[in-house]
Amino acid sequence: MMGTFMLLPCKTSFPLVILAINDGELIGAAQIKLHQMPIYPEKEHWLAGGYVKPEYRGQNISNTLLTELDNIAINLGVKILHLQTEHLDGGLYSKCGWQAEEIVNHRNIDVMVMSKVLSA
């Protein structure tokens, strides 16, 4: 059962991290980084490091983190976010408005590169 839940942005410039806190316990985090994949120098802003503790999964925390990061990015003038995921079907991101671009091998791991156009 969730107690008090809050999202805390750690700063307002890139790279930035957002934390999900439940009654003082860190239960999730996600970040926006710059130029995460060198093979895509034109892709500037990347969603990265998304994680929710296993016992809190299925409670919409990932969606909340993603939505909050979208809002922060929009407020900072970002037009498009990118990400890479080892879930080659896009996983959760496909359900949250992300579009598949291509599968590439990055650091000897196949990953799906995805993007999301942000709108205010």
# chains A, B, ... in the order shown; residues from 1 in each chain; ligands from 1
call {"tool": "residues_around", "arguments": {"residues": "region 82-92 of chain A", "least_positions_apart": "2", "cutoff": "6 Å", "atoms": "only C-alpha atoms", "output": "tab-separated table (two decimals) with N, CA and C atoms, in the first residue's frame"}}
result
chain	number	residue	atom	x	y	z
A	46	TRP	N	17.84	12.36	-24.01
A	46	TRP	CA	17.55	10.94	-23.86
A	46	TRP	C	16.97	10.63	-22.48
A	47	LEU	N	15.88	9.88	-22.48
A	47	LEU	CA	15.36	9.32	-21.24
A	47	LEU	C	16.27	8.15	-20.88
A	94	SER	N	6.07	1.67	-25.47
A	94	SER	CA	5.12	1.61	-26.59
A	94	SER	C	3.72	2.01	-26.14
A	95	LYS	N	3.40	1.69	-24.90
A	95	LYS	CA	2.08	2.01	-24.35
A	95	LYS	C	1.97	3.46	-23.90
A	111	VAL	N	19.32	-3.25	-28.81
A	111	VAL	CA	18.38	-2.34	-28.15
A	111	VAL	C	17.45	-1.71	-29.18
A	112	MET	N	16.24	-1.41	-28.75
A	112	MET	CA	15.29	-0.66	-29.57
A	112	MET	C	15.49	0.82	-29.25
A	113	VAL	N	15.72	1.62	-30.28
A	113	VAL	CA	15.79	3.07	-30.13
A	113	VAL	C	14.40	3.61	-30.42
A	114	MET	N	13.91	4.46	-29.54
A	114	MET	CA	12.56	5.00	-29.65
A	114	MET	C	12.61	6.51	-29.47
A	115	SER	N	11.55	7.18	-29.91
A	115	SER	CA	11.46	8.63	-29.72
A	115	SER	C	10.03	9.02	-29.39
call {"tool": "closest_atom_pairs", "arguments": {"of": "region 68-111 of chain A", "to": "region 18-31 of chain A", "cutoff": "10 Å", "atoms": "only C-alpha atoms", "output": "tab-separated table"}}
result
residue	atom	partner	partner_atom	distance
A:Glu68	CA	A:Ile18	CA	8.3
A:Leu69	CA	A:Ile18	CA	7.3
A:Ile72	CA	A:Ile18	CA	9.6
call {"tool": "atom_distance", "arguments": {"atom1": "CA of Tyr40 (chain A)", "atom2": "CA of Asn71 (chain A)"}}
result
23.7 Å
call {"tool": "residues_around", "arguments": {"residues": "Asp70 (chain A)", "least_positions_apart": "4", "cutoff": "9 Å", "atoms": "only C-alpha atoms", "output": "ChimeraX atom specification"}}
result
/A:65-66,74-75,78,81,118-119
call {"tool": "closest_residue", "arguments": {"among": "A:Pro15, A:Met37, A:Cys96, A:Ile103", "to": "Thr67 (chain A)", "atoms": "only C-alpha atoms"}}
result
A:Cys96
call {"tool": "select_by_dssp", "arguments": {"residues": "region 9-120 of chain A", "states": "strand (DSSP E)", "output": "ChimeraX atom specification"}}
result
/A:9,16-22,25-34,45-52,80-85,99-106,109-117
call {"tool": "select_by_dssp", "arguments": {"residues": "chain A", "states": "helix (DSSP H, G or I)", "output": "list of chain:residue names"}}
result
A:Pro54, A:Glu55, A:Tyr56, A:Ile61, A:Ser62, A:Asn63, A:Thr64, A:Leu65, A:Leu66, A:Thr67, A:Glu68, A:Leu69, A:Asp70, A:Asn71, A:Ile72, A:Ala73, A:Ile74, A:Asn75, A:Gly91, A:Leu92, A:Tyr93, A:Ser94, A:Lys95
call {"tool": "atom_distance", "arguments": {"atom1": "CA of Ala73 (chain A)", "atom2": "CA of Pro54 (chain A)"}}
result
26.3 Å
call {"tool": "decode", "arguments": {"residues": "region 9-44 of chain A", "atoms": "C-alpha atoms", "output": "PDB file, in the first residue's frame"}}
result
ATOM      1  CA  PRO A   9      13.283  16.765  -9.519  1.00  0.00           C
ATOM      2  CA  CYS A  10      16.923  16.970  -8.471  1.00  0.00           C
ATOM      3  CA  LYS A  11      17.679  20.003 -10.634  1.00  0.00           C
ATOM      4  CA  THR A  12      16.316  21.904 -13.590  1.00  0.00           C
ATOM      5  CA  SER A  13      19.061  21.539 -16.189  1.00  0.00           C
ATOM      6  CA  PHE A  14      20.471  18.557 -18.063  1.00  0.00           C
ATOM      7  CA  PRO A  15      21.343  15.963 -17.070  1.00  0.00           C
ATOM      8  CA  LEU A  16      18.534  15.817 -14.544  1.00  0.00           C
ATOM      9  CA  VAL A  17      17.057  13.106 -12.340  1.00  0.00           C
ATOM     10  CA  ILE A  18      13.581  12.738 -10.921  1.00  0.00           C
ATOM     11  CA  LEU A  19      12.956  10.596  -7.847  1.00  0.00           C
ATOM     12  CA  ALA A  20       9.797   8.848  -6.667  1.00  0.00           C
ATOM     13  CA  ILE A  21       9.644   8.828  -2.866  1.00  0.00           C
ATOM     14  CA  ASN A  22       7.111   6.901  -0.766  1.00  0.00           C
ATOM     15  CA  ASP A  23       7.098   7.724   2.961  1.00  0.00           C
ATOM     16  CA  GLY A  24      10.777   8.659   2.821  1.00  0.00           C
ATOM     17  CA  GLU A  25      11.800   5.589   0.805  1.00  0.00           C
ATOM     18  CA  LEU A  26      13.273   5.936  -2.677  1.00  0.00           C
ATOM     19  CA  ILE A  27      11.089   3.697  -4.836  1.00  0.00           C
ATOM     20  CA  GLY A  28      11.885   4.852  -8.363  1.00  0.00           C
ATOM     21  CA  ALA A  29      13.915   7.176 -10.510  1.00  0.00           C
ATOM     22  CA  ALA A  30      14.404   8.295 -14.085  1.00  0.00           C
ATOM     23  CA  GLN A  31      16.590  10.848 -15.804  1.00  0.00           C
ATOM     24  CA  ILE A  32      17.115  12.872 -18.936  1.00  0.00           C
ATOM     25  CA  LYS A  33      20.673  12.803 -20.254  1.00  0.00           C
ATOM     26  CA  LEU A  34      22.358  14.499 -23.174  1.00  0.00           C
ATOM     27  CA  HIS A  35      23.730  12.590 -26.188  1.00  0.00           C
ATOM     28  CA  GLN A  36      23.527   9.106 -24.672  1.00  0.00           C
ATOM     29  CA  MET A  37      24.394   7.172 -27.848  1.00  0.00           C
ATOM     30  CA  PRO A  38      27.416   8.404 -29.826  1.00  0.00           C
ATOM     31  CA  ILE A  39      26.038   6.864 -33.041  1.00  0.00           C
ATOM     32  CA  TYR A  40      23.238   9.459 -32.889  1.00  0.00           C
ATOM     33  CA  PRO A  41      24.973  12.831 -32.455  1.00  0.00           C
ATOM     34  CA  GLU A  42      21.844  14.609 -33.724  1.00  0.00           C
ATOM     35  CA  LYS A  43      19.669  13.142 -30.945  1.00  0.00           C
ATOM     36  CA  GLU A  44      20.219  15.407 -27.953  1.00  0.00           C
TER      37      GLU A  44
END
